[in-house]
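A.B. asks: Handing you a structure now.
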Amino acid sequence: MTKTRIALLVLTVGVLSCKQLACAAGPTHADQPIVPPAEAISRLKEGNGRYTSGNPQHPHESSEERTYMAAASYENLGMTAAGAATRRAELKRSQHPFAIVLSCSDSRVPPEIVFDQGLGDLFVIRVAGNVIDDQSLGSIEYGIDHLAVRLIVVLGHQRCGAVKAARETIAAKTEAPGHIQSLVAAIQPAVEATAKEDLKATVDANVKNVAQALRSSVPILKSKVDSGELKVVGAYYSLDTGAVSFLDEK
Ligand SMILES: [Zn+2]
């Protein structure tokens with residue numbers, strides 16, 4: 001059985017299951033396809049594997065799609081040419097991202113690239129130090145409530161400048177200039193919990209704090225986490241290797 005046939009079979013089973021369940025746990029817009037958390041994590045791991053092995057597919061990017069259509073090589077992407085044309089048409093009207101990624105603004109950590117994803121695949125929030133405020137939390141809630149996303153990844157990274165600056169600012173008992181201080185304040189609990197450890201320990205602690213804050217966020221996220229409908233996982237991106245390691249998959 002080819003990969004495409006397996007994918008179609010999985011898709012068919014998924015559609016049947018959804019119909020049988022009447023999408024009872026569906027989003028505000030009931031026609032949104034739902035990608036379960038475990039499958040979303042698998043897609044991200046596979047994409048990062050392609051990226052680190054130097055074999056990215058750059059899926060779902062317009063110029064690539066045209067090239068693949070011309071070469072009729074959509075088998076590589078598990079998508080037919082007709083499917084690709086349909087996807088572009090769909091994206092004009094709506095979006096169906098399968099994961100939310102809250103990552104640092106660092107220019108070396110763009111989620112779409114490190115997970116080898118394309119247009120319409122990821123709903124991305126980027127803030128220095130991958131912390132949350134009301135606006136970014138509202139963006140995440142929109143992705144969960146309206147777009148039916150079932151996985152949130154909080155992505156920290158090696159040698160994070162925001163976390164490093166927070167450690168240094170707090171150690172010097174001073175304040176960062178301007179609004180940068182708001183980032184320091186958000187990262188402070190992780191800095192205090194890892195005062196005698198290295199930068200990576202603080203990055204990991206910060207990711208875990210933010211992930212836990214999302215899991216316990218009311219009124220939208222907590223109930224979905226508690227019911228198992230939504231998963232929030234922390235992850236760490238290595239600048240050295242390009243690899244993303246998932247810290248926990250609760
Ligand atoms: Zn950073």
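All residue names refer to the structure tokens as shown: chains lettered A, B, ... in order, residues numbered from 1 in each chain, ligands numbered from 1 in order.
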Write out as a PyMOL selection string which residues come within 12 Å of Ser139 in chain A when counting only C-alpha atoms, dropping same-chain ones fewer than 2 positions away.
C.D. replies: chain A and resi 100-102+123-126+132-137+141-147+149+152+220
A.B. asks: Enumerate, in order of chain and increasing residue number, the residues of chain A with an atom no farther than 7 Å from ligand 1, each with its shortest atom pair and distance in Å to one decimal, counting only C-alpha atoms and all ligand atoms, as JSON lines.
C.D. replies:
{"residue": "A:Cys104", "atom": "CA", "partner": "ligand 1", "partner_atom_place_in_ligand_line": "1 (Zn)", "distance": 4.7}
{"residue": "A:Ser105", "atom": "CA", "partner": "ligand 1", "partner_atom_place_in_ligand_line": "1 (Zn)", "distance": 6.2}
{"residue": "A:Asp106", "atom": "CA", "partner": "ligand 1", "partner_atom_place_in_ligand_line": "1 (Zn)", "distance": 4.9}
{"residue": "A:Ala128", "atom": "CA", "partner": "ligand 1", "partner_atom_place_in_ligand_line": "1 (Zn)", "distance": 5.6}
{"residue": "A:Gly129", "atom": "CA", "partner": "ligand 1", "partner_atom_place_in_ligand_line": "1 (Zn)", "distance": 4.9}
{"residue": "A:Gly156", "atom": "CA", "partner": "ligand 1", "partner_atom_place_in_ligand_line": "1 (Zn)", "distance": 6.8}
{"residue": "A:His157", "atom": "CA", "partner": "ligand 1", "partner_atom_place_in_ligand_line": "1 (Zn)", "distance": 6.1}
{"residue": "A:Cys160", "atom": "CA", "partner": "ligand 1", "partner_atom_place_in_ligand_line": "1 (Zn)", "distance": 3.6}
{"residue": "A:Gly161", "atom": "CA", "partner": "ligand 1", "partner_atom_place_in_ligand_line": "1 (Zn)", "distance": 5.1}
{"residue": "A:Ala162", "atom": "CA", "partner": "ligand 1", "partner_atom_place_in_ligand_line": "1 (Zn)", "distance": 5.2}
{"residue": "A:Val163", "atom": "CA", "partner": "ligand 1", "partner_atom_place_in_ligand_line": "1 (Zn)", "distance": 6.7}
A.B. asks: Would you please extract all alpha helix (DSSP H) residues from range 24-213 of chain A, as assigned by DSSP on the backbone, and give them as a VMD selection string?
C.D. replies: chain A and resid 37 to 52 62 to 71 81 to 93 111 to 114 134 to 145 161 to 171 180 to 193 199 to 213
A.B. asks: Find the residues around Thr169 in chain A up to 9 Å (only C-alpha atoms counted), leave out those fewer than 6 positions away in its own chain, and share them as a ChimeraX atom specification.
C.D. replies: /A:175-176,181,184
A.B. asks: Enter the distance from CA of Ile34 in chain A to CA of Val232 in chain A, in Å, rounded to one decimal.
C.D. replies: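 It comes out at 15.9 Å.
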A.B. asks: Which residues, written as a list in words, have at least one atom at most 9 Å from range 233-241 of chain A, with only C-alpha atoms counted and residues fewer than 4 positions away on the same chain left out?
C.D. replies: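 Skipping anything fewer than 4 positions along the chain leaves Thr52, Arg108, Val109, Val114, Leu151, Ile152, Val153, Val154, Leu155, Gly156, His157, Gln158, Arg159, Val203, Asp204, Val207, Lys208, Val210, Ala211, Ser245, Phe246, Leu247, Asp248, Glu249 and Lys250 of chain A.
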A.B. asks: Just checking: using only C-alpha atoms, which residue out of A:Ser53, A:Ser42, A:Thr86, A:Gln212 ends up closest to Ala99 in chain A?
C.D. replies: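 Ranking A:Ser53, A:Ser42, A:Thr86, A:Gln212 by distance to Ala99 in chain A, first place goes to A:Ser42.
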A.B. asks: For Glu39 in chain A, list every protein, DNA or RNA residue within 12 Å, evaluated using only C-alpha atoms, and leave out those in the same chain fewer than 2 positions away; present the list as a VMD selection string.
C.D. replies: chain A and resid 10 14 34 to 37 41 to 46 98 to 99 149 to 151 231
